[in-house]
file target.tsv (TSV, C-alpha atoms)
chain	number	residue	atom	x	y	z
A	273	MET	CA	28.83	-18.35	-2.62
A	274	THR	CA	29.91	-16.91	0.68
A	275	SER	CA	30.33	-20.16	2.56
A	276	ALA	CA	33.73	-21.73	3.32
A	277	LYS	CA	35.73	-18.58	2.75
A	278	SER	CA	39.29	-18.70	3.96
A	279	PRO	CA	41.07	-15.47	4.92
A	280	GLN	CA	43.47	-15.89	2.00
A	281	GLU	CA	40.59	-15.80	-0.43
A	282	GLN	CA	39.57	-12.56	-1.99
A	283	GLU	CA	36.40	-11.06	-0.57
A	284	PRO	CA	33.42	-11.68	-2.83
A	285	LYS	CA	31.91	-8.56	-4.37
A	286	GLY	CA	28.47	-10.05	-4.16
A	287	TYR	CA	26.34	-13.07	-4.76
A	288	ILE	CA	22.92	-14.01	-6.08
A	289	GLU	CA	20.19	-16.26	-4.79
A	290	ILE	CA	17.76	-17.98	-7.15
A	291	ASP	CA	14.42	-19.08	-5.77
A	292	ARG	CA	14.15	-22.65	-7.03
A	293	GLU	CA	10.39	-22.75	-6.80
A	294	LYS	CA	9.72	-19.46	-8.60
A	295	CYS	CA	12.12	-20.27	-11.45
A	296	LYS	CA	10.40	-21.62	-14.56
A	297	GLY	CA	13.58	-22.77	-16.22
A	298	CYS	CA	13.62	-20.29	-19.12
A	299	HIS	CA	17.37	-19.90	-18.50
A	300	LEU	CA	17.47	-16.36	-19.87
A	301	CYS	CA	19.76	-15.43	-16.99
A	302	ILE	CA	22.48	-17.79	-18.27
A	303	PRO	CA	23.36	-15.80	-21.45
A	304	ALA	CA	22.67	-12.54	-19.56
A	305	CYS	CA	25.49	-13.17	-17.07
A	306	PRO	CA	28.64	-11.49	-18.41
A	307	ARG	CA	30.84	-13.91	-16.43
A	308	ASP	CA	28.89	-17.08	-17.13
A	309	LEU	CA	28.29	-17.82	-13.46
A	310	ILE	CA	24.84	-19.41	-13.73
A	311	GLU	CA	24.15	-23.00	-14.64
A	312	ILE	CA	21.14	-25.29	-15.00
A	313	SER	CA	20.32	-27.23	-11.86
A	314	THR	CA	20.28	-30.99	-12.17
A	315	ARG	CA	17.35	-31.31	-9.76
A	316	LEU	CA	13.74	-30.62	-10.75
A	317	ASN	CA	11.69	-28.18	-8.73
A	318	ALA	CA	8.12	-28.81	-7.55
A	319	SER	CA	6.66	-27.46	-10.81
A	320	GLY	CA	8.80	-29.84	-12.87
A	321	TYR	CA	11.31	-27.36	-14.25
A	322	TYR	CA	15.07	-27.54	-14.10
A	323	PRO	CA	15.73	-24.18	-12.43
A	324	ALA	CA	18.79	-22.04	-12.91
A	325	ALA	CA	21.33	-22.11	-10.10
A	326	PRO	CA	24.35	-19.91	-9.32
A	327	LYS	CA	27.73	-21.58	-9.67
A	328	GLN	CA	29.73	-22.01	-6.48
A	329	THR	CA	32.15	-19.17	-7.04
A	330	ILE	CA	33.11	-15.78	-5.63
A	331	GLU	CA	33.44	-14.11	-9.03
A	332	CYS	CA	29.96	-12.54	-8.98
A	333	THR	CA	30.12	-8.73	-9.06
A	334	ALA	CA	26.42	-8.20	-8.28
A	335	CYS	CA	25.90	-6.35	-11.57
A	336	GLY	CA	22.26	-7.43	-11.56
A	337	GLN	CA	21.97	-8.23	-15.28
A	338	CYS	CA	20.48	-11.65	-14.52
A	339	TRP	CA	17.91	-9.96	-12.30
A	340	GLN	CA	17.04	-7.48	-15.07
A	341	VAL	CA	16.09	-10.23	-17.53
A	342	CYS	CA	14.46	-12.70	-15.11
A	343	PRO	CA	10.74	-12.76	-15.98
A	344	ASP	CA	9.81	-14.39	-12.68
A	345	VAL	CA	11.84	-12.12	-10.38
A	346	ALA	CA	13.28	-15.29	-8.88
A	347	ILE	CA	16.73	-13.76	-8.45
A	348	THR	CA	17.87	-11.65	-5.52
A	349	VAL	CA	21.22	-9.89	-5.79
A	350	TYR	CA	23.40	-9.01	-2.82
A	351	ARG	CA	26.38	-6.70	-3.01
A	352	ASN	CA	29.30	-6.35	-0.67
A	353	ILE	CA	29.00	-2.91	0.83
A	354	LYS	CA	32.33	-1.93	2.32
A	355	GLU	CA	31.93	-0.22	5.64
A	356	VAL	CA	33.14	3.35	5.56
A	357	LYS	CA	35.78	3.93	8.21
A	358	PRO	CA	35.58	7.27	10.00
B	37	MET	CA	32.02	-7.08	5.01
B	38	VAL	CA	28.32	-6.34	4.75
B	39	MET	CA	26.17	-7.96	2.12
B	40	LYS	CA	23.27	-5.74	1.18
B	41	GLN	CA	20.39	-6.67	-1.08
B	42	VAL	CA	20.65	-4.43	-4.14
B	43	PHE	CA	18.17	-6.08	-6.51
B	44	GLY	CA	15.12	-7.93	-5.33
B	45	ARG	CA	11.39	-8.18	-5.61
B	46	PRO	CA	9.50	-4.86	-5.62
B	47	GLU	CA	7.15	-4.53	-2.65
B	48	THR	CA	4.07	-4.00	-4.81
B	49	LEU	CA	4.66	-7.24	-6.69
B	50	CYS	CA	2.99	-10.05	-4.76
B	51	ASP	CA	5.07	-12.99	-3.71
B	52	GLY	CA	4.61	-16.26	-5.56
B	53	ALA	CA	4.98	-17.63	-9.06
B	54	THR	CA	2.99	-16.20	-11.97
B	55	HIS	CA	0.97	-18.24	-14.44
B	56	TYR	CA	3.01	-16.96	-17.38
B	57	CYS	CA	5.05	-19.32	-19.52
B	58	GLY	CA	8.77	-19.50	-18.72
B	59	GLY	CA	10.56	-16.76	-20.65
B	60	CYS	CA	7.46	-14.60	-21.22
B	61	GLY	CA	8.05	-10.86	-21.30
B	62	HIS	CA	5.03	-10.16	-19.11
B	63	GLY	CA	6.99	-10.99	-15.97
B	64	VAL	CA	9.61	-8.33	-16.68
B	65	ALA	CA	6.92	-5.78	-17.56
B	66	HIS	CA	5.10	-6.60	-14.32
B	67	ARG	CA	8.28	-6.04	-12.35
B	68	LEU	CA	8.89	-2.68	-14.04
B	69	VAL	CA	5.33	-1.49	-13.31
B	70	ALA	CA	5.64	-2.65	-9.70
B	71	GLU	CA	8.97	-0.82	-9.37
B	72	ALA	CA	7.38	2.35	-10.70
B	73	LEU	CA	4.49	2.00	-8.25
B	74	ASP	CA	7.02	1.62	-5.43
B	75	HIS	CA	9.19	4.48	-6.65
B	76	PHE	CA	6.36	7.01	-6.81
B	77	GLY	CA	4.76	5.78	-3.58
B	78	LEU	CA	1.47	4.92	-5.25
B	79	HIS	CA	0.65	1.82	-3.26
B	80	ASP	CA	-2.37	3.37	-1.55
B	81	LYS	CA	-3.87	5.37	-4.40
B	82	ALA	CA	-3.16	3.30	-7.50
B	83	VAL	CA	-5.85	1.39	-9.32
B	84	GLY	CA	-4.89	-1.05	-12.04
B	85	VAL	CA	-7.20	-2.03	-14.85
B	86	ALA	CA	-6.66	-5.55	-16.09
B	87	PRO	CA	-7.49	-6.54	-19.68
B	88	ALA	CA	-8.61	-9.79	-21.22
B	89	GLY	CA	-5.58	-11.68	-22.44
B	90	CYS	CA	-2.61	-13.38	-20.86
B	91	SER	CA	-2.40	-10.64	-18.22
B	92	VAL	CA	-6.03	-11.19	-17.20
B	93	MET	CA	-4.95	-12.32	-13.73
B	94	LEU	CA	-3.09	-9.11	-13.04
B	95	TYR	CA	-5.01	-8.66	-9.80
B	96	ASP	CA	-3.22	-11.65	-8.32
B	97	TYR	CA	0.20	-10.15	-8.95
B	98	PHE	CA	-0.05	-6.51	-7.91
B	99	ASP	CA	-0.68	-5.51	-4.32
B	100	VAL	CA	-2.88	-2.57	-5.39
B	101	ASP	CA	-6.59	-2.28	-6.11
B	102	THR	CA	-7.36	-3.73	-9.51
B	103	ILE	CA	-10.49	-3.92	-11.61
B	104	GLU	CA	-11.12	-6.40	-14.38
B	105	SER	CA	-12.58	-4.89	-17.53
B	106	ALA	CA	-14.45	-6.40	-20.46
B	107	HIS	CA	-12.28	-7.31	-23.41
B	108	GLY	CA	-10.77	-4.15	-24.86
B	109	ARG	CA	-12.63	-1.80	-22.55
B	110	ALA	CA	-9.86	-1.21	-20.02
B	111	LEU	CA	-9.43	2.42	-21.03
B	112	ALA	CA	-13.17	3.10	-20.85
B	113	VAL	CA	-13.23	1.67	-17.32
B	114	ALA	CA	-10.10	3.64	-16.44
B	115	THR	CA	-11.70	6.85	-17.75
B	116	GLY	CA	-14.69	6.35	-15.46
B	117	MET	CA	-12.45	5.66	-12.50
B	118	LYS	CA	-10.24	8.67	-13.11
B	119	ARG	CA	-13.18	11.02	-13.66
B	120	ALA	CA	-15.02	9.78	-10.59
B	121	ASN	CA	-11.96	10.27	-8.41
B	122	PRO	CA	-9.19	12.33	-10.04
B	123	SER	CA	-6.93	11.84	-7.02
B	124	LEU	CA	-6.47	8.18	-7.94
B	125	PHE	CA	-3.55	6.97	-9.98
B	126	VAL	CA	-5.09	4.82	-12.74
B	127	PHE	CA	-3.04	2.59	-14.98
B	128	THR	CA	-4.06	0.01	-17.54
B	129	TYR	CA	-1.97	-2.94	-18.59
B	130	GLN	CA	-3.09	-4.30	-21.94
B	131	GLY	CA	-1.97	-6.68	-24.63
B	132	ASP	CA	-2.12	-6.20	-28.36
B	133	GLY	CA	-5.34	-8.17	-28.81
B	134	ASP	CA	-6.99	-6.06	-26.16
B	135	LEU	CA	-5.70	-2.56	-26.87
B	136	ALA	CA	-5.02	-2.64	-30.60
B	137	SER	CA	-7.76	-4.94	-31.84
B	138	ILE	CA	-11.06	-5.14	-29.98
B	139	GLY	CA	-10.29	-2.07	-27.88
B	140	MET	CA	-9.01	0.19	-30.66
B	141	CYS	CA	-12.10	2.41	-30.44
B	142	GLU	CA	-11.72	2.97	-26.70
B	143	THR	CA	-7.97	3.45	-27.05
B	144	ILE	CA	-8.23	6.12	-29.73
B	145	HIS	CA	-11.04	8.04	-28.10
B	146	THR	CA	-9.45	7.94	-24.65
B	147	ALA	CA	-6.23	9.29	-26.16
B	148	ASN	CA	-8.17	11.92	-28.06
B	149	ARG	CA	-9.91	13.07	-24.91
B	150	GLY	CA	-6.54	13.29	-23.21
B	151	GLU	CA	-7.50	11.35	-20.11
B	152	LYS	CA	-4.71	11.42	-17.54
B	153	ILE	CA	-4.13	7.69	-17.48
B	154	THR	CA	-1.00	5.59	-17.82
B	155	VAL	CA	-1.15	2.83	-20.42
B	156	VAL	CA	1.30	-0.06	-20.53
B	157	PHE	CA	0.83	-1.85	-23.82
B	158	ILE	CA	2.43	-5.26	-24.29
B	159	ASN	CA	3.02	-6.08	-27.94
B	160	ASN	CA	3.99	-9.68	-28.64
B	161	ALA	CA	2.72	-9.83	-32.25
B	162	VAL	CA	0.28	-12.64	-31.55
B	163	TYR	CA	-2.86	-13.47	-29.59
B	164	GLY	CA	-1.29	-15.27	-26.67
B	165	MET	CA	-4.07	-16.56	-24.43
B	166	THR	CA	-6.41	-17.80	-27.15
B	167	GLY	CA	-3.76	-19.91	-28.86
B	168	GLY	CA	-1.67	-17.93	-31.29
B	169	GLN	CA	-4.10	-16.32	-33.74
B	170	MET	CA	-3.16	-13.32	-35.84
B	171	ALA	CA	-3.15	-10.03	-33.96
B	172	PRO	CA	-3.25	-6.56	-35.56
B	173	THR	CA	0.43	-6.36	-34.71
B	174	THR	CA	1.42	-9.65	-36.34
B	175	LEU	CA	4.37	-9.10	-38.67
B	176	PRO	CA	3.96	-9.50	-42.46
B	177	GLY	CA	4.76	-13.11	-43.36
B	178	GLN	CA	4.48	-14.32	-39.77
B	179	LYS	CA	2.75	-17.68	-39.48
B	180	THR	CA	-0.02	-17.91	-36.91
B	181	THR	CA	-2.88	-20.38	-36.51
B	182	THR	CA	-5.20	-18.10	-38.54
B	183	THR	CA	-2.56	-17.16	-41.11
B	184	PRO	CA	-0.91	-20.54	-41.76
B	185	LEU	CA	0.77	-19.24	-44.92
B	186	GLY	CA	1.99	-16.11	-43.20
B	187	ARG	CA	0.29	-12.74	-42.86
B	188	SER	CA	-0.29	-11.13	-46.23
B	189	THR	CA	-0.39	-7.35	-46.26
B	190	ALA	CA	-2.65	-7.54	-49.35
B	191	THR	CA	-5.47	-9.24	-47.47
B	192	GLU	CA	-4.77	-8.66	-43.76
B	193	GLY	CA	-3.04	-5.28	-43.90
B	194	ALA	CA	0.19	-4.21	-42.28
B	195	PRO	CA	0.87	-4.33	-38.53
B	196	ILE	CA	-0.51	-1.38	-36.58
B	197	LYS	CA	2.16	0.79	-35.02
B	198	MET	CA	0.46	1.89	-31.85
B	199	ALA	CA	3.20	4.09	-30.37
B	200	GLU	CA	3.30	6.25	-33.52
B	201	LEU	CA	-0.49	6.30	-33.70
B	202	MET	CA	-0.86	7.44	-30.09
B	203	ALA	CA	1.82	10.10	-30.58
B	204	GLY	CA	-0.51	11.77	-33.06
B	205	PHE	CA	-3.05	12.71	-30.40
B	206	ASP	CA	-2.81	16.01	-28.59
B	207	GLY	CA	-4.02	14.38	-25.38
B	208	VAL	CA	-1.02	12.04	-25.19
B	209	ALA	CA	1.93	13.56	-23.34
B	210	TYR	CA	4.36	10.69	-23.67
B	211	SER	CA	4.59	7.85	-26.17
B	212	GLU	CA	7.54	5.52	-26.42
B	213	ARG	CA	8.25	2.04	-27.75
B	214	VAL	CA	10.67	-0.15	-25.82
B	215	ALA	CA	11.61	-3.83	-25.73
B	216	VAL	CA	12.50	-6.25	-22.95
B	217	TYR	CA	14.84	-8.69	-24.67
B	218	ASP	CA	18.05	-7.89	-22.80
B	219	ALA	CA	19.22	-6.08	-19.68
B	220	ARG	CA	20.05	-2.84	-21.52
B	221	HIS	CA	16.61	-2.61	-23.09
B	222	VAL	CA	14.90	-3.56	-19.83
B	223	LEU	CA	16.55	-0.52	-18.24
B	224	ARG	CA	15.29	1.68	-21.07
B	225	ALA	CA	11.83	0.21	-20.65
B	226	ARG	CA	12.02	1.03	-16.96
B	227	LYS	CA	12.76	4.66	-17.72
B	228	ALA	CA	9.91	4.85	-20.26
B	229	ILE	CA	7.43	3.40	-17.76
B	230	TYR	CA	8.61	5.88	-15.12
B	231	ARG	CA	8.06	8.73	-17.58
B	232	ALA	CA	4.61	7.45	-18.49
B	233	PHE	CA	3.78	7.36	-14.77
B	234	GLU	CA	5.07	10.92	-14.40
B	235	SER	CA	2.86	12.19	-17.21
B	236	GLN	CA	-0.15	11.20	-15.13
B	237	ILE	CA	1.35	12.30	-11.80
B	238	HIS	CA	2.18	15.74	-13.23
B	239	GLN	CA	-1.25	15.97	-14.94
B	240	ALA	CA	0.38	16.43	-18.35
B	241	GLY	CA	-1.77	13.93	-20.23
B	242	MET	CA	-1.86	10.29	-21.15
B	243	GLY	CA	1.34	8.31	-20.81
B	244	PHE	CA	1.72	5.46	-23.28
B	245	VAL	CA	4.45	2.82	-23.38
B	246	GLU	CA	4.55	0.01	-25.92
B	247	VAL	CA	6.66	-2.91	-24.74
B	248	LEU	CA	7.85	-5.42	-27.34
B	249	SER	CA	7.78	-8.73	-25.55
B	250	PRO	CA	8.55	-12.32	-26.59
B	251	CYS	CA	5.71	-14.88	-26.64
B	252	VAL	CA	7.63	-18.10	-26.23
B	253	THR	CA	4.73	-20.54	-26.61
B	254	ASN	CA	2.99	-19.12	-29.66
B	255	LEU	CA	6.17	-18.34	-31.54
B	256	LYS	CA	7.12	-21.97	-30.86
B	257	MET	CA	10.65	-20.97	-29.95
B	258	SER	CA	12.97	-21.37	-27.01
B	259	PRO	CA	13.06	-18.31	-24.70
B	260	GLU	CA	16.47	-17.31	-26.00
B	261	LYS	CA	15.41	-17.61	-29.66
B	262	ALA	CA	12.19	-15.72	-28.94
B	263	GLN	CA	14.25	-12.88	-27.51
B	264	ALA	CA	16.47	-12.91	-30.58
B	265	TRP	CA	13.34	-12.85	-32.75
B	266	VAL	CA	12.08	-9.77	-30.93
B	267	ALA	CA	15.48	-8.11	-31.29
B	268	GLU	CA	15.81	-8.81	-35.00
B	269	GLU	CA	12.37	-9.19	-36.56
B	270	MET	CA	10.07	-7.20	-34.29
B	271	CYS	CA	12.41	-4.29	-33.74
B	272	ALA	CA	12.81	-4.01	-37.53
B	273	ALA	CA	9.05	-3.79	-38.04
B	274	PHE	CA	8.40	-1.71	-34.92
B	275	PRO	CA	11.30	0.74	-34.54
B	276	LEU	CA	12.14	1.46	-30.92
B	277	GLY	CA	12.17	5.04	-29.82
B	278	LEU	CA	10.49	8.02	-28.28
B	279	PHE	CA	7.68	9.31	-30.47
B	280	LYS	CA	6.23	12.03	-28.32
B	281	ASP	CA	7.39	13.81	-25.20
B	282	THR	CA	5.43	16.96	-24.45
B	283	LEU	CA	5.85	15.96	-20.81
B	284	SER	CA	9.36	17.48	-20.59
B	285	GLN	CA	8.11	20.79	-21.96
B	286	TYR	CA	5.11	20.66	-19.65
B	287	GLU	CA	7.38	20.02	-16.68
B	288	LYS	CA	9.53	23.07	-17.54
B	289	GLU	CA	6.48	25.29	-17.85
B	290	ASN	CA	4.98	24.06	-14.60
B	291	ALA	CA	8.21	23.59	-12.69
B	292	PRO	CA	7.30	25.19	-9.31
B	293	ALA	CA	4.04	23.25	-8.98
B	294	VAL	CA	5.76	20.02	-9.96
B	295	GLU	CA	8.55	20.40	-7.44
B	296	GLY	CA	6.08	21.03	-4.65
B	297	SER	CA	3.80	18.11	-5.43
B	298	ASP	CA	6.35	15.45	-6.19
B	299	ALA	CA	9.79	16.27	-4.91
B	300	HIS	CA	11.31	12.81	-4.90
B	301	ALA	CA	10.53	11.94	-8.54
B	302	SER	CA	13.58	12.03	-10.71
call {"tool": "encode", "arguments": {"input": "target.tsv", "output": "structure tokens"}}
result
Amino acid sequence: MTSAKSPQEQEPKGYIEIDREKCKGCHLCIPACPRDLIEISTRLNASGYYPAAPKQTIECTACGQCWQVCPDVAITVYRNIKEVKP
Amino acid sequence: MVMKQVFGRPETLCDGATHYCGGCGHGVAHRLVAEALDHFGLHDKAVGVAPAGCSVMLYDYFDVDTIESAHGRALAVATGMKRANPSLFVFTYQGDGDLASIGMCETIHTANRGEKITVVFINNAVYGMTGGQMAPTTLPGQKTTTTPLGRSTATEGAPIKMAELMAGFDGVAYSERVAVYDARHVLRARKAIYRAFESQIHQAGMGFVEVLSPCVTNLKMSPEKAQAWVAEEMCAAFPLGLFKDTLSQYEKENAPAVEGSDAHAS
């Protein structure tokens, strides 16, 4: 996501967070992502589901399509808002 | 670089996991209703009426006052609430077993009386909570626990198309059928729910939205396949679309009053 970003790297347009404990592992967000940036976690959550997890990448554009289809509202989408210079 | 949250949980939707099965359409419909409650600033004057069915525990999920009704009687309860205090915003959230089967009488007569109530109707073509029996909206040929050979239109009749039925009543200002199987249709559903809220806010009449939703467990499908089933089979039997919109005309006729009372509504 946003961690370990070197200055040479392109600025990410956004990122998503998936609440592991709210996710019920329906994985509807995976086909919904136009860039295929969500994968299935290999660790179970407390309810016994394999939750969805965002891939470690800066390609996310914060389009919010995963959030639209998530039945458990487990996804939060953040977008890079460029500061307007006066 | 400033990262700003652009999509998150609506304020009116309580924090915590729901009891719905993974991939159930109820969660998306809940989020859309909560967004509409936030958008129109109805947190303090909204009353929800919960049905019997999968969404029976609605009161745990919305941070507004909610009343639990007897099976099918949500609209009768909502009528009483709205008449006792017309300043309240009253919405019901009902499934197909509740609204279209046991509550058909209340539904039709409430629509006929033109009560200013918003109705969110979740159609998943099956009785979800009780274990997958045939609902009035079950598709012809669909196998359920009470129609193991598939629903026969000769003996069980054809599925009831509620959005078209409700559009026939003069008291209904807005009737639309939407689906929640992909992001594009979720956005359309959002707009329809907003319009159904506006028909009550602007005192135009009843606002009715039918949401086609996948029931993962009782269709015995994976969430993705259940969505595809809704897109292909259900949308063929229940065509999506707007069946009645006297709200737009009403808004034009009453434009000055509307602008004064609710300026921020789009």
call {"tool": "interface_residues", "arguments": {"input": "target.tsv", "of": "chain B", "to": "chain A", "cutoff": "6 Å", "atoms": "all atoms listed in the file", "output": "JSON, numbers by chain"}}
result
{"B": [37, 38, 39, 40, 41, 42, 43, 44, 53, 58, 59, 63, 64, 219, 259]}
call {"tool": "atom_distance", "arguments": {"input": "target.tsv", "atom1": "CA of Leu111 (chain B)", "atom2": "CA of Ala209 (chain B)"}}
result
16.1 Å
call {"tool": "residues_near_point", "arguments": {"input": "target.tsv", "point": "(-0.6, -20.3, -28.1)", "cutoff": "12 Å", "atoms": "all atoms listed in the file", "output": "number ranges by chain"}}
result
B: 56-57, 89-90, 160-170, 180-182, 251-257
call {"tool": "write_last_selection", "arguments": {"input": "target.tsv", "atoms": "C-alpha atoms", "output": "compact mmCIF listing (two decimals), keeping the file's coordinate frame"}}
result
# COMPACT_ATOMS: atom_id res chain seq x y z
CA TYR B 56 3.01 -16.96 -17.38
CA CYS B 57 5.05 -19.32 -19.52
CA GLY B 89 -5.58 -11.68 -22.44
CA CYS B 90 -2.61 -13.38 -20.86
CA ASN B 160 3.99 -9.68 -28.64
CA ALA B 161 2.72 -9.83 -32.25
CA VAL B 162 0.28 -12.64 -31.55
CA TYR B 163 -2.86 -13.47 -29.59
CA GLY B 164 -1.29 -15.27 -26.67
CA MET B 165 -4.07 -16.56 -24.43
CA THR B 166 -6.41 -17.80 -27.15
CA GLY B 167 -3.76 -19.91 -28.86
CA GLY B 168 -1.67 -17.93 -31.29
CA GLN B 169 -4.10 -16.32 -33.74
CA MET B 170 -3.16 -13.32 -35.84
CA THR B 180 -0.02 -17.91 -36.91
CA THR B 181 -2.88 -20.38 -36.51
CA THR B 182 -5.20 -18.10 -38.54
CA CYS B 251 5.71 -14.88 -26.64
CA VAL B 252 7.63 -18.10 -26.23
CA THR B 253 4.73 -20.54 -26.61
CA ASN B 254 2.99 -19.12 -29.66
CA LEU B 255 6.17 -18.34 -31.54
CA LYS B 256 7.12 -21.97 -30.86
CA MET B 257 10.65 -20.97 -29.95
call {"tool": "atom_distance", "arguments": {"input": "target.tsv", "atom1": "CA of Leu73 (chain B)", "atom2": "CA of Gly241 (chain B)"}}
result
18.0 Å
call {"tool": "closest_residue", "arguments": {"input": "target.tsv", "among": "B:Glu268, B:Glu151, B:Glu71, B:Asp206", "to": "Lys118 (chain B)", "atoms": "all atoms listed in the file"}}
result
B:Glu151
call {"tool": "closest_residue", "arguments": {"input": "target.tsv", "among": "A:Asp308, A:Thr333, A:Pro326, A:Gly320", "to": "Asp291 (chain A)", "atoms": "all atoms listed in the file"}}
result
A:Pro326
call {"tool": "closest_residue", "arguments": {"input": "target.tsv", "among": "B:Val100, B:Ala291, B:Leu278, B:Ala82", "to": "Pro122 (chain B)", "atoms": "only C-alpha atoms"}}
result
B:Ala82
call {"tool": "residues_around", "arguments": {"input": "target.tsv", "residues": "Glu47 (chain B)", "least_positions_apart": "6", "cutoff": "10 Å", "atoms": "only C-alpha atoms", "output": "count of residues only"}}
result
8
call {"tool": "build_atoms", "arguments": {"input": "target.tsv", "residues": "region 237-249 of chain B", "atoms": "N, CA and C atoms", "output": "mmCIF file, keeping the file's coordinate frame"}}
result
data_model
loop_
_atom_site.group_PDB
_atom_site.id
_atom_site.type_symbol
_atom_site.label_atom_id
_atom_site.label_comp_id
_atom_site.auth_asym_id
_atom_site.auth_seq_id
_atom_site.Cartn_x
_atom_site.Cartn_y
_atom_site.Cartn_z
ATOM 1 N N ILE B 237 1.123 11.670 -13.105
ATOM 2 C CA ILE B 237 1.350 12.300 -11.800
ATOM 3 C C ILE B 237 1.402 13.823 -11.940
ATOM 4 N N HIS B 238 2.048 14.296 -13.012
ATOM 5 C CA HIS B 238 2.180 15.740 -13.230
ATOM 6 C C HIS B 238 0.997 16.315 -14.009
ATOM 7 N N GLN B 239 -0.025 15.497 -14.269
ATOM 8 C CA GLN B 239 -1.250 15.970 -14.940
ATOM 9 C C GLN B 239 -0.961 16.505 -16.341
ATOM 10 N N ALA B 240 0.042 15.927 -17.015
ATOM 11 C CA ALA B 240 0.380 16.430 -18.350
ATOM 12 C C ALA B 240 -0.496 15.808 -19.433
ATOM 13 N N GLY B 241 -0.968 14.615 -19.221
ATOM 14 C CA GLY B 241 -1.770 13.930 -20.230
ATOM 15 C C GLY B 241 -1.578 12.441 -20.128
ATOM 16 N N MET B 242 -1.968 11.745 -21.176
ATOM 17 C CA MET B 242 -1.860 10.290 -21.150
ATOM 18 C C MET B 242 -0.407 9.870 -21.366
ATOM 19 N N GLY B 243 0.012 8.876 -20.614
ATOM 20 C CA GLY B 243 1.340 8.310 -20.810
ATOM 21 C C GLY B 243 1.205 6.935 -21.426
ATOM 22 N N PHE B 244 1.890 6.712 -22.536
ATOM 23 C CA PHE B 244 1.720 5.460 -23.280
ATOM 24 C C PHE B 244 3.085 4.818 -23.499
ATOM 25 N N VAL B 245 3.207 3.563 -23.128
ATOM 26 C CA VAL B 245 4.450 2.820 -23.380
ATOM 27 C C VAL B 245 4.097 1.519 -24.082
ATOM 28 N N GLU B 246 4.728 1.283 -25.214
ATOM 29 C CA GLU B 246 4.550 0.010 -25.920
ATOM 30 C C GLU B 246 5.784 -0.837 -25.637
ATOM 31 N N VAL B 247 5.558 -2.031 -25.112
ATOM 32 C CA VAL B 247 6.660 -2.910 -24.740
ATOM 33 C C VAL B 247 6.669 -4.107 -25.698
ATOM 34 N N LEU B 248 7.727 -4.251 -26.469
ATOM 35 C CA LEU B 248 7.850 -5.420 -27.340
ATOM 36 C C LEU B 248 8.327 -6.588 -26.491
ATOM 37 N N SER B 249 7.556 -7.660 -26.513
ATOM 38 C CA SER B 249 7.780 -8.730 -25.550
ATOM 39 C C SER B 249 7.728 -10.073 -26.281
#
